[in-house]
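Chemist: I am sharing my_file-v6.cif, which consists of mmCIF, C-alpha atoms and all ligand atoms:
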```cif
data_target
loop_
_atom_site.group_PDB
_atom_site.id
_atom_site.type_symbol
_atom_site.label_atom_id
_atom_site.label_comp_id
_atom_site.auth_asym_id
_atom_site.auth_seq_id
_atom_site.Cartn_x
_atom_site.Cartn_y
_atom_site.Cartn_z
ATOM 1 C CA MET A 1 150.711 102.407 45.543
ATOM 2 C CA LYS A 2 147.359 103.541 46.850
ATOM 3 C CA ILE A 3 146.504 103.724 50.529
ATOM 4 C CA GLU A 4 143.300 104.508 52.352
ATOM 5 C CA CYS A 5 143.309 106.229 55.716
ATOM 6 C CA THR A 6 141.399 108.724 57.826
ATOM 7 C CA VAL A 7 143.072 112.095 58.369
ATOM 8 C CA ASN A 8 141.483 114.485 60.860
ATOM 9 C CA GLY A 9 138.195 112.618 60.580
ATOM 10 C CA GLN A 10 138.125 112.606 56.803
ATOM 11 C CA ARG A 11 138.558 109.484 54.704
ATOM 12 C CA GLU A 12 141.358 109.837 52.153
ATOM 13 C CA ILE A 13 142.572 107.656 49.299
ATOM 14 C CA ILE A 14 146.120 108.698 48.462
ATOM 15 C CA GLU A 15 148.638 107.618 45.848
ATOM 16 C CA ILE A 16 152.087 107.407 47.450
ATOM 17 C CA GLU A 17 155.590 106.561 46.307
ATOM 18 C CA PRO A 18 157.570 103.653 47.758
ATOM 19 C CA GLY A 19 159.665 104.974 50.650
ATOM 20 C CA GLU A 20 157.548 108.096 51.074
ATOM 21 C CA THR A 21 157.334 109.261 54.675
ATOM 22 C CA LEU A 22 154.164 110.192 56.497
ATOM 23 C CA LEU A 23 155.621 113.709 56.877
ATOM 24 C CA GLU A 24 155.946 114.056 53.098
ATOM 25 C CA MET A 25 152.499 112.640 52.498
ATOM 26 C CA LEU A 26 150.773 114.946 54.973
ATOM 27 C CA ARG A 27 152.597 118.123 53.949
ATOM 28 C CA ASN A 28 153.004 117.630 50.205
ATOM 29 C CA ARG A 29 149.912 115.664 49.234
ATOM 30 C CA LEU A 30 147.377 116.961 51.760
ATOM 31 C CA GLY A 31 148.820 120.437 52.422
ATOM 32 C CA LEU A 32 148.884 119.910 56.189
ATOM 33 C CA THR A 33 151.825 122.182 56.923
ATOM 34 C CA GLY A 34 151.087 122.274 60.643
ATOM 35 C CA VAL A 35 153.153 119.061 60.581
ATOM 36 C CA LYS A 36 156.586 120.628 60.938
ATOM 37 C CA LYS A 37 159.668 119.490 59.091
ATOM 38 C CA GLY A 38 162.554 119.784 61.525
ATOM 39 C CA CYS A 39 165.548 117.489 61.896
ATOM 40 C CA GLU A 40 164.076 114.651 59.802
ATOM 41 C CA VAL A 41 166.068 112.118 61.820
ATOM 42 C CA GLY A 42 163.704 111.469 64.718
ATOM 43 C CA GLU A 43 165.359 113.823 67.233
ATOM 44 C CA CYS A 44 163.218 116.948 67.588
ATOM 45 C CA GLY A 45 159.572 115.800 67.588
ATOM 46 C CA ALA A 46 158.441 118.793 65.486
ATOM 47 C CA CYS A 47 156.885 116.376 62.985
ATOM 48 C CA THR A 48 154.820 114.537 65.634
ATOM 49 C CA VAL A 49 151.338 113.389 64.601
ATOM 50 C CA LEU A 50 149.055 110.805 66.180
ATOM 51 C CA VAL A 51 148.489 107.457 64.484
ATOM 52 C CA GLU A 52 145.688 105.564 66.234
ATOM 53 C CA ASP A 53 146.108 108.008 69.175
ATOM 54 C CA GLU A 54 149.840 107.268 69.536
ATOM 55 C CA PRO A 55 152.456 109.982 68.882
ATOM 56 C CA VAL A 56 154.858 109.093 66.068
ATOM 57 C CA ASP A 57 157.722 110.950 64.377
ATOM 58 C CA SER A 58 156.198 111.301 60.929
ATOM 59 C CA CYS A 59 159.644 111.987 59.409
ATOM 60 C CA LEU A 60 160.674 108.396 60.126
ATOM 61 C CA TYR A 61 157.299 106.716 59.657
ATOM 62 C CA LEU A 62 156.544 105.255 56.250
ATOM 63 C CA ALA A 63 153.306 106.499 54.740
ATOM 64 C CA ALA A 64 152.479 102.933 53.653
ATOM 65 C CA ARG A 65 152.101 101.989 57.330
ATOM 66 C CA VAL A 66 149.055 104.203 57.830
ATOM 67 C CA ASP A 67 146.943 102.208 55.394
ATOM 68 C CA GLY A 68 143.627 101.591 57.183
ATOM 69 C CA LYS A 69 144.562 103.797 60.142
ATOM 70 C CA GLU A 70 143.452 107.065 61.728
ATOM 71 C CA ILE A 71 145.764 110.060 61.813
ATOM 72 C CA LEU A 72 145.374 113.272 63.766
ATOM 73 C CA THR A 73 147.383 116.395 62.956
ATOM 74 C CA ILE A 74 147.217 119.795 64.633
ATOM 75 C CA GLU A 75 144.762 120.933 61.949
ATOM 76 C CA GLY A 76 142.249 118.387 63.264
ATOM 77 C CA LEU A 77 142.317 119.426 66.904
ATOM 78 C CA SER A 78 140.134 122.520 66.873
ATOM 79 C CA GLN A 79 136.388 121.991 66.515
ATOM 80 C CA GLY A 80 134.260 124.338 64.418
ATOM 81 C CA GLY A 81 137.008 126.962 64.403
ATOM 82 C CA LYS A 82 137.288 126.863 68.212
ATOM 83 C CA LEU A 83 140.640 125.994 69.760
ATOM 84 C CA SER A 84 140.810 122.931 71.998
ATOM 85 C CA LYS A 85 141.339 123.447 75.761
ATOM 86 C CA LEU A 86 144.932 122.378 75.323
ATOM 87 C CA GLN A 87 145.605 124.791 72.463
ATOM 88 C CA GLN A 88 144.060 127.641 74.461
ATOM 89 C CA ALA A 89 146.112 126.693 77.531
ATOM 90 C CA PHE A 90 149.331 126.905 75.467
ATOM 91 C CA ILE A 91 148.400 130.471 74.525
ATOM 92 C CA ASP A 92 147.265 131.447 78.033
ATOM 93 C CA GLU A 93 150.444 130.115 79.652
ATOM 94 C CA GLY A 94 152.830 131.640 77.117
ATOM 95 C CA ALA A 95 153.968 128.185 76.020
ATOM 96 C CA VAL A 96 154.366 129.339 72.408
ATOM 97 C CA GLN A 97 157.282 131.489 71.294
ATOM 98 C CA CYS A 98 158.529 130.844 67.748
ATOM 99 C CA GLY A 99 155.856 128.145 67.530
ATOM 100 C CA PHE A 100 157.848 125.678 65.470
ATOM 101 C CA CYS A 101 157.723 122.962 68.117
ATOM 102 C CA THR A 102 154.156 123.733 69.207
ATOM 103 C CA PRO A 103 152.069 121.387 67.007
ATOM 104 C CA GLY A 104 154.227 118.431 68.026
ATOM 105 C CA PHE A 105 154.055 119.309 71.727
ATOM 106 C CA ILE A 106 150.302 119.784 71.634
ATOM 107 C CA LEU A 107 149.728 116.446 69.905
ATOM 108 C CA SER A 108 152.009 114.586 72.337
ATOM 109 C CA ALA A 109 150.200 116.294 75.229
ATOM 110 C CA HIS A 110 146.805 115.475 73.706
ATOM 111 C CA ALA A 111 147.741 111.780 73.573
ATOM 112 C CA LEU A 112 149.058 111.950 77.156
ATOM 113 C CA LEU A 113 145.840 113.523 78.476
ATOM 114 C CA LYS A 114 143.800 110.828 76.772
ATOM 115 C CA ARG A 115 145.818 108.165 78.604
ATOM 116 C CA HIS A 116 146.167 110.132 81.878
ATOM 117 C CA PRO A 117 143.558 112.884 82.273
ATOM 118 C CA GLN A 118 145.278 114.085 85.484
ATOM 119 C CA PRO A 119 149.008 113.504 84.888
ATOM 120 C CA THR A 120 151.665 114.245 87.476
ATOM 121 C CA GLU A 121 154.481 116.631 86.537
ATOM 122 C CA GLU A 122 156.731 113.622 86.047
ATOM 123 C CA GLU A 123 154.208 111.968 83.727
ATOM 124 C CA ILE A 124 153.954 115.194 81.725
ATOM 125 C CA LYS A 125 157.750 115.314 81.376
ATOM 126 C CA GLN A 126 157.820 111.678 80.248
ATOM 127 C CA GLY A 127 154.912 112.197 77.849
ATOM 128 C CA LEU A 128 156.720 115.129 76.231
ATOM 129 C CA ALA A 129 160.212 113.632 76.314
ATOM 130 C CA GLY A 130 160.265 113.150 72.528
ATOM 131 C CA ASN A 131 159.677 116.838 71.807
ATOM 132 C CA LEU A 132 162.349 119.530 71.923
ATOM 133 C CA CYS A 133 161.877 123.283 72.323
ATOM 134 C CA ARG A 134 164.716 125.772 71.998
ATOM 135 C CA CYS A 135 162.715 128.819 73.091
ATOM 136 C CA THR A 136 160.523 128.354 76.137
ATOM 137 C CA GLY A 137 162.603 126.496 78.729
ATOM 138 C CA TYR A 138 159.728 123.965 79.031
ATOM 139 C CA GLN A 139 158.182 125.315 82.259
ATOM 140 C CA ASN A 140 155.369 127.178 80.474
ATOM 141 C CA ILE A 141 154.641 124.095 78.385
ATOM 142 C CA ILE A 142 154.317 121.943 81.509
ATOM 143 C CA ARG A 143 152.041 124.560 83.096
ATOM 144 C CA ALA A 144 149.871 124.624 79.965
ATOM 145 C CA VAL A 145 149.361 120.861 80.115
ATOM 146 C CA GLN A 146 148.580 121.092 83.843
ATOM 147 C CA LYS A 147 146.085 123.869 83.169
ATOM 148 C CA ALA A 148 144.312 121.871 80.430
ATOM 149 C CA SER A 149 144.176 118.803 82.693
ATOM 150 C CA ASN A 150 142.523 120.757 85.500
ATOM 151 C CA GLU A 151 139.703 122.223 83.419
HETATM 152 S S1 LIG B 201 161.491 116.308 62.011
HETATM 153 FE FE1 LIG B 201 160.871 114.395 62.749
HETATM 154 S S2 LIG B 201 161.812 114.206 64.690
HETATM 155 FE FE2 LIG B 201 162.600 116.069 63.865
HETATM 156 S S1 LIG B 202 158.607 127.769 70.832
HETATM 157 FE FE1 LIG B 202 160.374 127.911 69.547
HETATM 158 S S2 LIG B 202 161.145 125.875 69.511
HETATM 159 FE FE2 LIG B 202 159.553 125.820 70.952
#
```
Could I get this file's structure written as structure tokens?

Modeler:
Amino acid sequence: MKIECTVNGQREIIEIEPGETLLEMLRNRLGLTGVKKGCEVGECGACTVLVEDEPVDSCLYLAARVDGKEILTIEGLSQGGKLSKLQQAFIDEGAVQCGFCTPGFILSAHALLKRHPQPTEEEIKQGLAGNLCRCTGYQNIIRAVQKASNE
């Protein structure tokens, strides 16, 4: 079947297979490999992208459901080759180690800051509860979100 959607601001018409996931569509058909393929069972959040500004696990989300919708992946966050405030804050605060979880965390945090421009620490923890990191211990990630929210 054919679907039409907007990915990182660009209109796309894509032929997909029945049962194809959004993760497969973004990585395999559009080459957006910033969408990470982790557990593929909805546990780790590495595959997080935003659909209509809401974080979703793209490994569990059927591609057919994005027909007519807007999707944001990590590739769409920088503007004109310049990192977003949030991306820069992750670097400045040392919130990136192996980096595998980073696109998912940044997109969840981006959605959180849109809803709550000045989140409390508790709200940050809740907003990032669907994302797992095995490297950083989370404190640097929380500081990065706080830094981006204060700028
Ligand atoms: S790869 Fe989707 S939640 Fe882990
Ligand atoms: S930086 Fe390695 S899993 Fe988070």

Chemist: From the list A:Glu15, A:Glu43, A:Asp53, A:Glu123, which residue is nearest A:Cys101 when using only C-alpha atoms?

Modeler: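 Distance minimum relative to A:Cys101 lands on A:Glu43.
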
Chemist: Check every protein, DNA and RNA residue against ligand LIG 202 (chain B), keep those with an atom at most 12 Å away (counting only C-alpha atoms and all ligand atoms), and present them as a PyMOL selection string.

Modeler: chain A and resi 36+38+44-46+90-91+94-106+131-141

Chemist: Rank A:Val56, A:Ala89, A:Leu32, A:Ile71 by their smallest atom-to-atom distance to ligand LIG 201 (chain B), using all atoms listed in the file, and report the top residue only.

Modeler: A:Val56

Chemist: To test your reading of the syntax: which residues would the PyMOL selection byres (((chain A and resi 27-29) around 12) and not hetatm) return for the file shown? Reply as a VMD selection string.

Modeler: chain A and resid 7 12 to 17 20 to 26 30 to 37 47 49 58 to 59 63 73 75

Chemist: At most 12 Å is the cut-off: for each residue in stretch 55-98 of chain A with any atom that close to an atom of stretch 112-115 of chain A, write down the nearest atom pair and the distance in Å rounded to one decimal, counting all atoms listed in the file, chain first then increasing number, as CSV.

Modeler:
```
residue,atom,partner,partner_atom,distance
A:Pro55,CA,A:Leu112,CA,9.2
A:Lys85,CA,A:Leu113,CA,11.2
A:Leu86,CA,A:Leu113,CA,9.4
```

Chemist: Any chance you can output those residues with C-alpha atoms as an mmCIF file, in the frame of the given file?

Modeler:
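The file below, part_3.cif, is the result:
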```cif
data_model
loop_
_atom_site.group_PDB
_atom_site.id
_atom_site.type_symbol
_atom_site.label_atom_id
_atom_site.label_comp_id
_atom_site.auth_asym_id
_atom_site.auth_seq_id
_atom_site.Cartn_x
_atom_site.Cartn_y
_atom_site.Cartn_z
ATOM 1 C CA PRO A 55 152.456 109.982 68.882
ATOM 2 C CA LYS A 85 141.339 123.447 75.761
ATOM 3 C CA LEU A 86 144.932 122.378 75.323
#
```

Chemist: Let me have the centre and edge lengths in Å, one decimal, of the box along x, y and z around every listed atom of ligand LIG 201 (chain B) with 5 Å of margin on each side, as JSON.

Modeler:
```
{"center_x": 161.7, "center_y": 115.3, "center_z": 63.4, "size_x": 11.7, "size_y": 12.1, "size_z": 12.7}
```

Chemist: Do you have the atom CA of A:Asp67-atom CA of A:Gln79 distance handy?

Modeler: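 Result for atom CA of A:Asp67 versus atom CA of A:Gln79: 25.0 Å, one decimal.
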
Chemist: By how many Å are atom CA of A:Lys82 and atom CA of A:His110 apart?

Modeler: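 Those two atoms sit 15.8 Å apart.
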
Chemist: Closest to A:Ser108 among A:Thr6, A:Gln87, A:Thr48, A:Ser149, using all atoms listed in the file?

Modeler: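 Once distances to A:Ser108 are computed over all atoms listed in the file, the minimum belongs to A:Thr48.
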
Chemist: Give the answer as one residue: which of A:Pro117, A:Gly130, A:Leu77, A:Leu107 has the shortest atom-to-atom distance to ligand LIG 201 (chain B), using all atoms listed in the file?

Modeler: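 Using all atoms listed in the file, the shortest distance to ligand LIG 201 (chain B) belongs to A:Gly130.
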
Chemist: Contacts of A:Val66 at 9 Å or less, counting all atoms listed in the file, minus same-chain residues fewer than 4 places along, as a list in words?

Modeler: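 Surrounding residues, per the criterion: Ile3, Glu4, Cys5, Thr6, Leu22, Val51, Tyr61, Leu62, Glu70 and Ile71 of chain A.
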
Chemist: Rank A:Cys39, A:Asp92, A:Leu83, A:Glu52 by their smallest atom-to-atom distance to A:Lys69, using all atoms listed in the file, and report the top residue only.

Modeler: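 Closest candidate: A:Glu52.
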
Chemist: Closest to ligand LIG 201 (chain B) among A:Gly9, A:Gly42, A:Gly76, A:Gly81, using all atoms listed in the file?

Modeler: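 Ranking A:Gly9, A:Gly42, A:Gly76, A:Gly81 by distance to ligand LIG 201 (chain B), first place goes to A:Gly42.
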
Chemist: As an exercise, work out the distance from atom CA of A:Ala148 to atom CA of A:Gln118 in Å and give it to one decimal place.

Modeler: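 Distance reported for this atom pair: 9.3 Å.
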